[in-house]
$ cat model.cif   # mmCIF, C-alpha atoms
data_run
#
loop_
_atom_site.label_atom_id
_atom_site.label_comp_id
_atom_site.auth_asym_id
_atom_site.auth_seq_id
_atom_site.Cartn_x
_atom_site.Cartn_y
_atom_site.Cartn_z
CA MET A 168 -71.43 -116.32 -20.82
CA ARG A 169 -71.00 -113.12 -22.82
CA SER A 170 -71.52 -110.91 -19.73
CA THR A 171 -68.86 -112.90 -17.86
CA ARG A 172 -66.36 -112.23 -20.63
CA ARG A 173 -67.18 -108.53 -20.54
CA LEU A 174 -66.60 -108.35 -16.80
CA ARG A 175 -63.31 -110.20 -17.18
CA TRP A 176 -62.00 -107.70 -19.71
CA ALA A 177 -63.21 -104.74 -17.64
CA ALA A 178 -61.47 -106.10 -14.56
CA ILE A 179 -58.03 -106.11 -16.19
CA PRO A 180 -57.44 -102.30 -16.26
CA VAL A 181 -59.05 -101.94 -12.81
CA ALA A 182 -56.77 -104.58 -11.31
CA ALA A 183 -53.70 -103.06 -12.94
CA THR A 184 -54.56 -99.61 -11.58
CA LEU A 185 -55.11 -100.94 -8.06
CA ALA A 186 -51.80 -102.81 -8.18
CA ILE A 187 -49.96 -99.59 -9.05
CA VAL A 188 -51.75 -97.49 -6.43
CA LEU A 189 -51.39 -100.00 -3.61
CA ALA A 190 -47.73 -100.78 -4.26
CA GLY A 191 -45.24 -99.33 -1.79
CA CYS A 192 -43.70 -96.10 -3.06
CA THR A 193 -40.42 -94.40 -2.25
CA GLN A 194 -40.05 -90.63 -1.84
CA ALA A 195 -38.89 -90.37 -5.45
CA GLU A 196 -41.94 -92.28 -6.69
CA LEU A 197 -44.37 -90.35 -4.50
CA HIS A 198 -43.03 -87.12 -5.99
CA GLY A 199 -43.11 -88.28 -9.59
CA TYR A 200 -39.34 -88.82 -9.83
CA LEU A 201 -38.79 -85.08 -9.66
CA PRO A 202 -35.34 -83.98 -8.44
CA GLY A 203 -34.65 -82.66 -4.97
CA PHE A 204 -36.40 -85.25 -2.81
CA VAL A 205 -34.37 -87.47 -0.49
CA GLU A 206 -35.77 -90.26 1.67
CA GLY A 207 -36.13 -89.13 5.29
CA GLU A 208 -35.12 -85.50 4.66
CA SER A 209 -37.13 -82.29 4.43
CA PRO A 210 -37.97 -80.70 1.07
CA VAL A 211 -35.46 -78.26 -0.43
CA THR A 212 -37.82 -75.27 -0.09
CA ASN A 213 -41.24 -74.60 1.37
CA HIS A 214 -42.73 -74.74 -2.15
CA THR A 215 -41.29 -77.97 -3.56
CA ASP A 216 -43.87 -80.25 -1.92
CA ARG A 217 -46.70 -78.14 -3.32
CA ILE A 218 -45.21 -78.15 -6.83
CA ALA A 219 -44.60 -81.90 -6.77
CA GLY A 220 -48.10 -82.52 -5.41
CA LEU A 221 -49.67 -80.59 -8.28
CA TRP A 222 -47.51 -82.46 -10.80
CA VAL A 223 -48.20 -85.95 -9.42
CA THR A 224 -51.92 -85.39 -8.84
CA ALA A 225 -52.36 -84.13 -12.40
CA TRP A 226 -50.64 -87.22 -13.80
CA LEU A 227 -52.70 -89.58 -11.61
CA VAL A 228 -55.94 -88.00 -12.81
CA LEU A 229 -54.78 -88.16 -16.42
CA LEU A 230 -53.72 -91.78 -15.95
CA ALA A 231 -57.14 -92.65 -14.54
CA VAL A 232 -58.81 -90.97 -17.52
CA GLY A 233 -56.48 -92.86 -19.83
CA VAL A 234 -57.24 -96.19 -18.18
CA VAL A 235 -61.00 -95.64 -18.47
CA THR A 236 -60.65 -94.53 -22.10
CA TRP A 237 -58.38 -97.42 -23.04
CA GLY A 238 -60.68 -99.85 -21.22
CA LEU A 239 -63.76 -98.62 -23.09
CA ILE A 240 -61.95 -98.78 -26.41
CA ILE A 241 -60.72 -102.34 -25.80
CA TRP A 242 -64.14 -103.38 -24.51
CA ALA A 243 -65.88 -101.99 -27.60
CA VAL A 244 -63.34 -103.59 -29.95
CA ILE A 245 -63.82 -107.02 -28.37
CA VAL A 246 -67.55 -107.00 -27.66
CA TYR A 247 -68.63 -105.44 -30.96
CA ARG A 248 -66.13 -107.12 -33.25
CA ARG A 249 -67.40 -108.75 -36.41
CA ARG A 250 -68.17 -112.41 -35.79
CA LYS A 251 -67.83 -115.25 -38.22
CA GLY A 252 -70.66 -115.27 -40.70
CA GLN A 253 -71.77 -111.68 -40.02
CA THR A 254 -72.19 -109.38 -42.98
CA GLY A 255 -73.17 -105.79 -43.50
CA LEU A 256 -72.91 -102.94 -41.04
CA PRO A 257 -74.05 -102.98 -37.40
CA VAL A 258 -77.06 -100.96 -36.33
CA GLN A 259 -76.25 -97.26 -36.69
CA LEU A 260 -77.16 -94.84 -33.87
CA ARG A 261 -77.59 -91.15 -34.59
CA TYR A 262 -76.91 -90.13 -31.00
CA ASN A 263 -76.68 -91.40 -27.45
CA MET A 264 -77.68 -88.71 -24.98
CA PRO A 265 -76.18 -90.26 -21.79
CA ILE A 266 -72.79 -90.76 -23.47
CA GLU A 267 -72.82 -87.28 -24.99
CA ILE A 268 -73.61 -85.74 -21.59
CA PHE A 269 -70.86 -87.84 -20.03
CA TYR A 270 -68.30 -86.76 -22.63
CA THR A 271 -69.26 -83.11 -22.07
CA VAL A 272 -69.50 -82.97 -18.29
CA VAL A 273 -66.43 -85.02 -17.35
CA PRO A 274 -63.91 -83.01 -19.46
CA LEU A 275 -65.47 -79.80 -18.12
CA ILE A 276 -64.98 -80.99 -14.54
CA LEU A 277 -61.38 -81.96 -15.31
CA VAL A 278 -60.56 -78.59 -16.89
CA LEU A 279 -62.15 -76.65 -14.02
CA GLY A 280 -60.38 -78.83 -11.47
CA PHE A 281 -56.96 -78.41 -13.09
CA PHE A 282 -57.52 -74.65 -13.34
CA ALA A 283 -58.63 -74.32 -9.71
CA PHE A 284 -55.75 -76.29 -8.20
CA THR A 285 -53.19 -74.63 -10.48
CA ALA A 286 -54.49 -71.16 -9.60
CA ARG A 287 -54.44 -72.02 -5.88
CA ASP A 288 -50.84 -73.28 -5.92
CA GLN A 289 -49.59 -70.55 -8.23
CA ASN A 290 -51.07 -67.90 -5.95
CA ALA A 291 -49.26 -69.41 -2.94
CA ILE A 292 -45.93 -69.72 -4.79
CA GLU A 293 -46.08 -66.24 -6.32
CA THR A 294 -47.01 -64.44 -3.09
CA GLN A 295 -43.95 -62.34 -2.24
CA TYR A 296 -42.60 -61.76 1.25
CA GLU A 297 -43.10 -58.14 2.30
CA ASP A 298 -40.36 -58.17 4.96
CA PRO A 299 -37.98 -61.06 4.17
CA ASP A 300 -35.04 -62.06 6.34
CA VAL A 301 -32.79 -61.96 3.28
CA ALA A 302 -33.10 -59.75 0.18
CA ILE A 303 -30.86 -60.49 -2.81
CA GLU A 304 -30.56 -59.10 -6.32
CA VAL A 305 -29.59 -61.54 -9.06
CA PHE A 306 -28.27 -60.10 -12.32
CA ALA A 307 -28.06 -62.36 -15.36
CA LYS A 308 -25.56 -61.52 -18.07
CA GLN A 309 -24.04 -63.23 -21.08
CA TRP A 310 -23.02 -65.75 -19.78
CA ALA A 311 -22.80 -65.68 -16.00
CA TRP A 312 -24.42 -64.31 -12.86
CA ASP A 313 -23.88 -61.47 -10.38
CA PHE A 314 -25.28 -61.75 -6.85
CA VAL A 315 -25.86 -58.66 -4.70
CA TYR A 316 -26.76 -59.15 -1.03
CA ASP A 317 -28.76 -56.07 -0.02
CA GLU A 318 -27.53 -54.30 3.15
CA ALA A 319 -25.64 -57.38 4.23
CA VAL A 320 -22.61 -55.98 6.12
CA ASN A 321 -22.86 -52.85 8.27
CA GLY A 322 -25.74 -51.54 6.18
CA GLN A 323 -23.86 -51.90 2.90
CA ASP A 324 -24.42 -54.23 -0.02
CA VAL A 325 -21.86 -56.92 -0.69
CA TRP A 326 -21.66 -58.70 -4.00
CA THR A 327 -19.99 -61.33 -6.08
CA ALA A 328 -19.47 -61.10 -9.85
CA GLY A 329 -19.38 -64.39 -11.73
CA VAL A 330 -17.84 -65.58 -14.98
CA GLN A 331 -19.14 -68.26 -17.31
CA ALA A 332 -18.22 -71.88 -16.75
CA ASP A 333 -14.90 -73.02 -18.17
CA GLU A 334 -15.41 -76.35 -19.86
CA LYS A 335 -12.33 -78.55 -19.55
CA PRO A 336 -11.42 -81.34 -21.98
CA GLY A 337 -13.95 -84.13 -21.78
CA GLY A 338 -16.75 -81.73 -20.84
CA VAL A 339 -15.64 -81.41 -17.20
CA ILE A 340 -16.82 -78.29 -15.32
CA ASP A 341 -14.94 -77.11 -12.23
CA GLN A 342 -17.78 -76.55 -9.77
CA ASP A 343 -15.61 -74.41 -7.49
CA GLU A 344 -15.25 -71.80 -10.23
CA LEU A 345 -18.98 -71.36 -10.79
CA PRO A 346 -20.86 -68.33 -9.41
CA THR A 347 -22.36 -69.41 -6.10
CA LEU A 348 -25.38 -67.94 -4.36
CA TYR A 349 -25.41 -68.44 -0.58
CA LEU A 350 -28.71 -68.72 1.31
CA PRO A 351 -29.33 -69.26 5.04
CA VAL A 352 -31.44 -72.30 5.88
CA GLY A 353 -34.82 -71.66 7.47
CA LYS A 354 -34.91 -67.94 6.60
CA THR A 355 -37.37 -66.18 4.33
CA VAL A 356 -35.69 -65.11 1.09
CA LYS A 357 -36.82 -62.67 -1.58
CA ILE A 358 -34.84 -62.47 -4.81
CA ALA A 359 -35.09 -59.67 -7.35
CA LEU A 360 -34.29 -61.00 -10.82
CA GLN A 361 -32.87 -58.66 -13.47
CA SER A 362 -31.00 -58.99 -16.76
CA ARG A 363 -28.03 -56.92 -17.89
CA ASP A 364 -28.50 -57.66 -21.61
CA VAL A 365 -30.91 -60.21 -23.15
CA ILE A 366 -33.66 -62.50 -21.86
CA HIS A 367 -32.43 -65.14 -19.41
CA SER A 368 -34.15 -67.52 -16.99
CA PHE A 369 -33.14 -68.27 -13.39
CA TRP A 370 -33.57 -71.98 -12.75
CA VAL A 371 -32.54 -73.89 -9.62
CA ILE A 372 -33.30 -77.45 -10.64
CA ASP A 373 -34.02 -78.94 -7.21
CA PHE A 374 -36.28 -75.99 -6.33
CA LEU A 375 -38.63 -77.17 -9.13
CA TYR A 376 -39.02 -73.53 -10.09
CA LYS A 377 -37.69 -71.06 -12.61
CA LYS A 378 -38.49 -67.52 -13.63
CA ASP A 379 -37.59 -65.48 -16.70
CA MET A 380 -35.47 -62.33 -16.52
CA PHE A 381 -36.14 -59.47 -18.94
CA PRO A 382 -34.03 -56.38 -19.67
CA GLY A 383 -35.57 -53.33 -18.02
CA LYS A 384 -37.98 -55.36 -15.85
CA THR A 385 -37.59 -56.83 -12.37
CA ASN A 386 -39.24 -60.14 -11.47
CA TYR A 387 -39.37 -61.55 -7.96
CA MET A 388 -39.42 -64.92 -6.26
CA SER A 389 -39.90 -65.64 -2.56
CA PHE A 390 -39.26 -68.90 -0.71
CA THR A 391 -37.73 -70.43 2.40
CA PRO A 392 -34.81 -72.87 1.99
CA GLU A 393 -35.43 -75.84 4.28
CA ARG A 394 -32.53 -78.20 3.64
CA GLU A 395 -28.80 -77.48 3.62
CA GLY A 396 -26.86 -78.54 0.56
CA THR A 397 -25.50 -77.46 -2.80
CA TYR A 398 -27.97 -77.23 -5.66
CA ALA A 399 -27.23 -76.80 -9.35
CA GLY A 400 -28.64 -73.89 -11.30
CA LYS A 401 -28.55 -72.79 -14.92
CA CYS A 402 -30.07 -70.41 -17.42
CA ALA A 403 -33.21 -71.95 -18.91
CA GLU A 404 -33.67 -69.49 -21.79
CA LEU A 405 -31.56 -69.69 -24.95
CA CYS A 406 -29.48 -66.51 -24.63
CA GLY A 407 -26.61 -66.81 -27.07
CA GLU A 408 -23.54 -68.80 -28.03
CA TYR A 409 -22.45 -69.89 -24.55
CA HIS A 410 -25.91 -70.41 -23.06
CA SER A 411 -25.00 -73.96 -22.04
CA LEU A 412 -22.12 -72.63 -19.91
CA MET A 413 -24.28 -70.12 -17.99
CA LEU A 414 -24.19 -72.22 -14.83
CA PHE A 415 -24.25 -71.45 -11.12
CA ASN A 416 -24.69 -73.14 -7.75
CA VAL A 417 -26.88 -72.37 -4.77
CA LYS A 418 -25.50 -73.23 -1.33
CA VAL A 419 -28.01 -73.44 1.49
CA VAL A 420 -25.99 -73.13 4.69
CA SER A 421 -26.35 -72.31 8.37
CA GLN A 422 -26.80 -68.70 9.44
CA ALA A 423 -23.23 -68.63 10.82
CA GLU A 424 -21.76 -69.86 7.53
CA TYR A 425 -23.90 -67.41 5.59
CA ASP A 426 -22.69 -64.49 7.72
CA LYS A 427 -19.09 -65.66 7.32
CA HIS A 428 -19.46 -65.70 3.52
CA LEU A 429 -20.74 -62.12 3.49
CA GLU A 430 -17.88 -61.00 5.74
CA ASP A 431 -15.41 -62.66 3.38
CA LEU A 432 -16.91 -60.74 0.47
CA ALA A 433 -16.60 -57.49 2.40
CA ASP A 434 -12.99 -58.28 3.32
CA SER A 435 -12.29 -58.84 -0.38
CA GLY A 436 -13.51 -55.32 -1.16
CA ASN A 437 -16.82 -56.38 -2.73
CA ILE A 438 -18.75 -53.63 -0.97
CA GLY A 439 -21.13 -51.03 -2.33
CA ASP A 440 -23.44 -50.69 -5.29
CA TYR A 441 -23.15 -53.26 -8.05
CA GLY A 442 -26.49 -52.83 -9.74
CA THR A 443 -28.00 -51.64 -13.00
CA GLU A 444 -25.17 -49.21 -13.79
CA TYR A 445 -23.27 -52.20 -15.15
CA ASP A 446 -26.04 -53.22 -17.56
CA ARG A 447 -25.04 -53.43 -21.22
CA ASN A 448 -28.30 -51.98 -22.50
CA SER A 449 -28.14 -48.21 -22.90
CA ASN A 450 -31.08 -47.69 -25.23
CA LEU A 451 -33.97 -48.87 -23.07
CA PRO A 452 -36.80 -46.45 -22.24
CA GLY A 453 -35.75 -44.12 -19.45
CA THR A 454 -32.01 -44.59 -20.00
CA LYS A 455 -29.47 -42.20 -21.47
CA ALA A 456 -26.83 -42.79 -24.10
CA PRO A 457 -23.18 -42.96 -22.97
CA ALA A 458 -21.62 -39.53 -22.42
CA GLY A 459 -19.53 -39.60 -25.63
CA LEU A 460 -22.44 -40.37 -27.91
CA GLU A 461 -24.69 -37.94 -26.06
CA GLU A 462 -22.27 -35.06 -26.72
CA HIS A 463 -21.51 -35.74 -30.41
CA GLY A 464 -24.78 -37.20 -31.62
CA ASP A 465 -25.21 -39.73 -34.40
CA GLY A 466 -22.65 -39.67 -37.21
CA GLU A 467 -20.38 -37.09 -35.58
#
$ encode --input "model.cif" --output "structure tokens"
Amino acid sequence: MRSTRRLRWAAIPVAATLAIVLAGCTQAELHGYLPGFVEGESPVTNHTDRIAGLWVTAWLVLLAVGVVTWGLIIWAVIVYRRRKGQTGLPVQLRYNMPIEIFYTVVPLILVLGFFAFTARDQNAIETQYEDPDVAIEVFAKQWAWDFVYDEAVNGQDVWTAGVQADEKPGGVIDQDELPTLYLPVGKTVKIALQSRDVIHSFWVIDFLYKKDMFPGKTNYMSFTPEREGTYAGKCAELCGEYHSLMLFNVKVVSQAEYDKHLEDLADSGNIGDYGTEYDRNSNLPGTKAPAGLEEHGDGE
């Protein structure tokens, strides 16, 4: 009778886990409710499936560990509870070698597994394209973004300089006024990330990816946009008073629309170099002080 009760209690967490696993799942559920996934449509970039897979698999493993742990705790509480009429302490065990081996080996396997899969996916995501179809420089500044398209029109750079979001009454943001980065769908893209002043972080939410931007250092990210659309971006590193208004959009468009955008920038006169010469930092290693200070020196 007692063994039947034990089996009954052990079956509860197993049955609950099977019910969850076997239930029909939507795209959102399969990808852990992460943003950017739409039923019947391709992922936003070539990396988003990999990132979501790592996230969901990790949670499933942790859930399984939790279910086993909770089940053992509940089982021990019920089976070894004090019965009516019992007094004193139960038999004390100094050690249990099988359990101790189990509690050592299983966590070790989990840690090694998480490390191996994370290292594998990180290596794939961080591998940079050597000869991308599109090369872009992104400059973060308090509190907006500048986008420079390298050798985009007749061998010359074209660029767009952004301003911070203007928050209207009621917290409304005019999306048309935000800095917008255009990307051609299906093309390999490599972005050089730089900061003009303080530490920022380039985050496109639906890409499931962000990377910090440091003054005096260039970071890179490479990917292939796979689905047309407009995707929200923001700075993900507290960078000053108007950090919350450091917003931008990414538009993934056809090659024809991408080329048209670059031609429009050129027609507007946004041609030529728009790089580090506009940085605010003038005291980083390897830089020179402004001409006036250089001539007169400190205190003169």
$ resolve_selection --input "model.cif" --expression "the PyMOL selection byres ((chain A and resi 309) around 8)" --output "PyMOL selection string"
chain A and resi 307-308+310-311+331+364-365+406-407+409-410+413
$ atom_distance --input "model.cif" --atom1 "atom CA of Thr397 of chain A" --atom2 "atom CA of Tyr425 of chain A"
13.2 Å
$ atom_distance --input "model.cif" --atom1 "atom CA of Phe204 of chain A" --atom2 "atom CA of Ile372 of chain A"
11.5 Å
$ resolve_selection --input "model.cif" --expression "the PyMOL selection byres ((chain A and resi 399-403) around 6)" --output "PyMOL selection string"
chain A and resi 368-372+398+404+413-416
$ resolve_selection --input "model.cif" --expression "the PyMOL selection byres ((chain A and resi 428-440) around 12)" --output "number ranges by chain"
A: 304, 313-328, 347-351, 418-427, 441-445
$ atom_distance --input "model.cif" --atom1 "atom CA of Val211 of chain A" --atom2 "atom CA of Gly338 of chain A"
27.9 Å
$ residues_around --input "model.cif" --residues "Val232 of chain A" --least-positions-apart "4" --cutoff "10 Å" --atoms "all atoms listed in the file" --output "list in words"
Trp226, Leu227, Val228, Thr236, Trp237, Gly238, Val273, Pro274 and Leu277 of chain A
$ closest_atom_pairs --input "model.cif" --of "segment 313-431 of chain A" --to "segment 293-299 of chain A" --cutoff "6 Å" --atoms "all atoms listed in the file" --output "CSV"
residue,atom,partner,partner_atom,distance
A:Thr355,CA,A:Pro299,CA,5.2
A:Val356,CA,A:Pro299,CA,5.6
A:Ser389,CA,A:Gln295,CA,5.2
$ residues_around --input "model.cif" --residues "Phe284 of chain A" --least-positions-apart "4" --cutoff "10 Å" --atoms "only C-alpha atoms" --output "ChimeraX atom specification"
/A:221,224-225,279-280,288-290
$ closest_residue --input "model.cif" --among "A:Gln342, A:Gly383, A:Glu395, A:Ile303" --to "Ala359 of chain A" --atoms "all atoms listed in the file"
A:Ile303
$ closest_residue --input "model.cif" --among "A:Glu408, A:Pro257, A:Pro202, A:Gln361" --to "Thr385 of chain A" --atoms "only C-alpha atoms"
A:Gln361
$ decode --input "model.cif" --residues "segment 337-363 of chain A" --atoms "N, CA, C and O atoms" --output "PDB file, in the first residue's frame"
ATOM      1  N   GLY A 337       1.841  62.995 -23.271  1.00  0.00           N
ATOM      2  CA  GLY A 337       1.269  61.657 -23.184  1.00  0.00           C
ATOM      3  C   GLY A 337       2.280  60.565 -23.481  1.00  0.00           C
ATOM      4  O   GLY A 337       1.922  59.388 -23.573  1.00  0.00           O
ATOM      5  N   GLY A 338       3.554  60.938 -23.647  1.00  0.00           N
ATOM      6  CA  GLY A 338       4.595  59.941 -23.897  1.00  0.00           C
ATOM      7  C   GLY A 338       4.637  59.421 -25.316  1.00  0.00           C
ATOM      8  O   GLY A 338       5.245  58.373 -25.579  1.00  0.00           O
ATOM      9  N   VAL A 339       4.016  60.130 -26.262  1.00  0.00           N
ATOM     10  CA  VAL A 339       3.977  59.685 -27.659  1.00  0.00           C
ATOM     11  C   VAL A 339       5.292  60.043 -28.349  1.00  0.00           C
ATOM     12  O   VAL A 339       5.802  61.154 -28.220  1.00  0.00           O
ATOM     13  N   ILE A 340       5.851  59.090 -29.108  1.00  0.00           N
ATOM     14  CA  ILE A 340       7.072  59.291 -29.883  1.00  0.00           C
ATOM     15  C   ILE A 340       6.724  59.213 -31.365  1.00  0.00           C
ATOM     16  O   ILE A 340       6.097  58.247 -31.814  1.00  0.00           O
ATOM     17  N   ASP A 341       7.105  60.243 -32.115  1.00  0.00           N
ATOM     18  CA  ASP A 341       6.899  60.231 -33.561  1.00  0.00           C
ATOM     19  C   ASP A 341       7.957  59.332 -34.199  1.00  0.00           C
ATOM     20  O   ASP A 341       9.132  59.689 -34.274  1.00  0.00           O
ATOM     21  N   GLN A 342       7.536  58.154 -34.664  1.00  0.00           N
ATOM     22  CA  GLN A 342       8.476  57.180 -35.209  1.00  0.00           C
ATOM     23  C   GLN A 342       9.171  57.677 -36.474  1.00  0.00           C
ATOM     24  O   GLN A 342      10.311  57.299 -36.763  1.00  0.00           O
ATOM     25  N   ASP A 343       8.507  58.550 -37.225  1.00  0.00           N
ATOM     26  CA  ASP A 343       9.088  59.049 -38.469  1.00  0.00           C
ATOM     27  C   ASP A 343      10.279  59.973 -38.224  1.00  0.00           C
ATOM     28  O   ASP A 343      11.082  60.211 -39.126  1.00  0.00           O
ATOM     29  N   GLU A 344      10.394  60.501 -37.012  1.00  0.00           N
ATOM     30  CA  GLU A 344      11.497  61.403 -36.699  1.00  0.00           C
ATOM     31  C   GLU A 344      12.708  60.685 -36.121  1.00  0.00           C
ATOM     32  O   GLU A 344      13.758  61.305 -35.926  1.00  0.00           O
ATOM     33  N   LEU A 345      12.585  59.401 -35.860  1.00  0.00           N
ATOM     34  CA  LEU A 345      13.693  58.661 -35.262  1.00  0.00           C
ATOM     35  C   LEU A 345      14.765  58.355 -36.306  1.00  0.00           C
ATOM     36  O   LEU A 345      14.455  58.155 -37.486  1.00  0.00           O
ATOM     37  N   PRO A 346      16.038  58.289 -35.888  1.00  0.00           N
ATOM     38  CA  PRO A 346      17.086  57.823 -36.807  1.00  0.00           C
ATOM     39  C   PRO A 346      16.736  56.428 -37.306  1.00  0.00           C
ATOM     40  O   PRO A 346      16.301  55.568 -36.519  1.00  0.00           O
ATOM     41  N   THR A 347      16.897  56.202 -38.592  1.00  0.00           N
ATOM     42  CA  THR A 347      16.499  54.926 -39.184  1.00  0.00           C
ATOM     43  C   THR A 347      17.647  54.323 -39.986  1.00  0.00           C
ATOM     44  O   THR A 347      18.191  54.972 -40.877  1.00  0.00           O
ATOM     45  N   LEU A 348      17.997  53.102 -39.642  1.00  0.00           N
ATOM     46  CA  LEU A 348      19.034  52.363 -40.342  1.00  0.00           C
ATOM     47  C   LEU A 348      18.375  51.449 -41.360  1.00  0.00           C
ATOM     48  O   LEU A 348      17.528  50.626 -41.010  1.00  0.00           O
ATOM     49  N   TYR A 349      18.759  51.594 -42.637  1.00  0.00           N
ATOM     50  CA  TYR A 349      18.215  50.763 -43.705  1.00  0.00           C
ATOM     51  C   TYR A 349      19.155  49.591 -43.980  1.00  0.00           C
ATOM     52  O   TYR A 349      20.386  49.769 -44.035  1.00  0.00           O
ATOM     53  N   LEU A 350      18.560  48.405 -44.158  1.00  0.00           N
ATOM     54  CA  LEU A 350      19.329  47.202 -44.481  1.00  0.00           C
ATOM     55  C   LEU A 350      18.634  46.441 -45.599  1.00  0.00           C
ATOM     56  O   LEU A 350      17.402  46.326 -45.590  1.00  0.00           O
ATOM     57  N   PRO A 351      19.386  45.898 -46.560  1.00  0.00           N
ATOM     58  CA  PRO A 351      18.762  45.112 -47.628  1.00  0.00           C
ATOM     59  C   PRO A 351      18.522  43.672 -47.179  1.00  0.00           C
ATOM     60  O   PRO A 351      19.393  43.052 -46.553  1.00  0.00           O
ATOM     61  N   VAL A 352      17.350  43.147 -47.466  1.00  0.00           N
ATOM     62  CA  VAL A 352      17.005  41.798 -47.041  1.00  0.00           C
ATOM     63  C   VAL A 352      17.850  40.778 -47.804  1.00  0.00           C
ATOM     64  O   VAL A 352      18.144  40.934 -48.986  1.00  0.00           O
ATOM     65  N   GLY A 353      18.263  39.741 -47.110  1.00  0.00           N
ATOM     66  CA  GLY A 353      18.984  38.650 -47.749  1.00  0.00           C
ATOM     67  C   GLY A 353      20.445  38.929 -48.051  1.00  0.00           C
ATOM     68  O   GLY A 353      21.107  38.093 -48.670  1.00  0.00           O
ATOM     69  N   LYS A 354      20.984  40.050 -47.605  1.00  0.00           N
ATOM     70  CA  LYS A 354      22.375  40.407 -47.875  1.00  0.00           C
ATOM     71  C   LYS A 354      23.193  40.313 -46.581  1.00  0.00           C
ATOM     72  O   LYS A 354      22.690  40.609 -45.500  1.00  0.00           O
ATOM     73  N   THR A 355      24.447  39.928 -46.731  1.00  0.00           N
ATOM     74  CA  THR A 355      25.316  39.881 -45.553  1.00  0.00           C
ATOM     75  C   THR A 355      25.677  41.296 -45.130  1.00  0.00           C
ATOM     76  O   THR A 355      26.027  42.137 -45.947  1.00  0.00           O
ATOM     77  N   VAL A 356      25.581  41.548 -43.834  1.00  0.00           N
ATOM     78  CA  VAL A 356      25.795  42.893 -43.282  1.00  0.00           C
ATOM     79  C   VAL A 356      26.851  42.821 -42.178  1.00  0.00           C
ATOM     80  O   VAL A 356      26.807  41.923 -41.335  1.00  0.00           O
ATOM     81  N   LYS A 357      27.770  43.768 -42.213  1.00  0.00           N
ATOM     82  CA  LYS A 357      28.740  43.908 -41.129  1.00  0.00           C
ATOM     83  C   LYS A 357      28.692  45.340 -40.627  1.00  0.00           C
ATOM     84  O   LYS A 357      28.841  46.280 -41.406  1.00  0.00           O
ATOM     85  N   ILE A 358      28.463  45.491 -39.331  1.00  0.00           N
ATOM     86  CA  ILE A 358      28.320  46.813 -38.734  1.00  0.00           C
ATOM     87  C   ILE A 358      29.480  47.069 -37.778  1.00  0.00           C
ATOM     88  O   ILE A 358      29.784  46.235 -36.915  1.00  0.00           O
ATOM     89  N   ALA A 359      30.122  48.219 -37.955  1.00  0.00           N
ATOM     90  CA  ALA A 359      31.159  48.670 -37.031  1.00  0.00           C
ATOM     91  C   ALA A 359      30.518  49.615 -36.028  1.00  0.00           C
ATOM     92  O   ALA A 359      29.895  50.611 -36.409  1.00  0.00           O
ATOM     93  N   LEU A 360      30.649  49.306 -34.762  1.00  0.00           N
ATOM     94  CA  LEU A 360      29.973  50.052 -33.698  1.00  0.00           C
ATOM     95  C   LEU A 360      30.984  50.912 -32.944  1.00  0.00           C
ATOM     96  O   LEU A 360      31.961  50.402 -32.391  1.00  0.00           O
ATOM     97  N   GLN A 361      30.729  52.229 -32.902  1.00  0.00           N
ATOM     98  CA  GLN A 361      31.629  53.155 -32.232  1.00  0.00           C
ATOM     99  C   GLN A 361      30.814  54.170 -31.426  1.00  0.00           C
ATOM    100  O   GLN A 361      29.639  54.407 -31.706  1.00  0.00           O
ATOM    101  N   SER A 362      31.465  54.761 -30.434  1.00  0.00           N
ATOM    102  CA  SER A 362      30.811  55.776 -29.614  1.00  0.00           C
ATOM    103  C   SER A 362      31.530  57.107 -29.770  1.00  0.00           C
ATOM    104  O   SER A 362      32.765  57.150 -29.810  1.00  0.00           O
ATOM    105  N   ARG A 363      30.754  58.183 -29.810  1.00  0.00           N
ATOM    106  CA  ARG A 363      31.341  59.521 -29.919  1.00  0.00           C
ATOM    107  C   ARG A 363      31.626  60.139 -28.544  1.00  0.00           C
ATOM    108  O   ARG A 363      32.281  61.169 -28.467  1.00  0.00           O
TER     109      ARG A 363
END
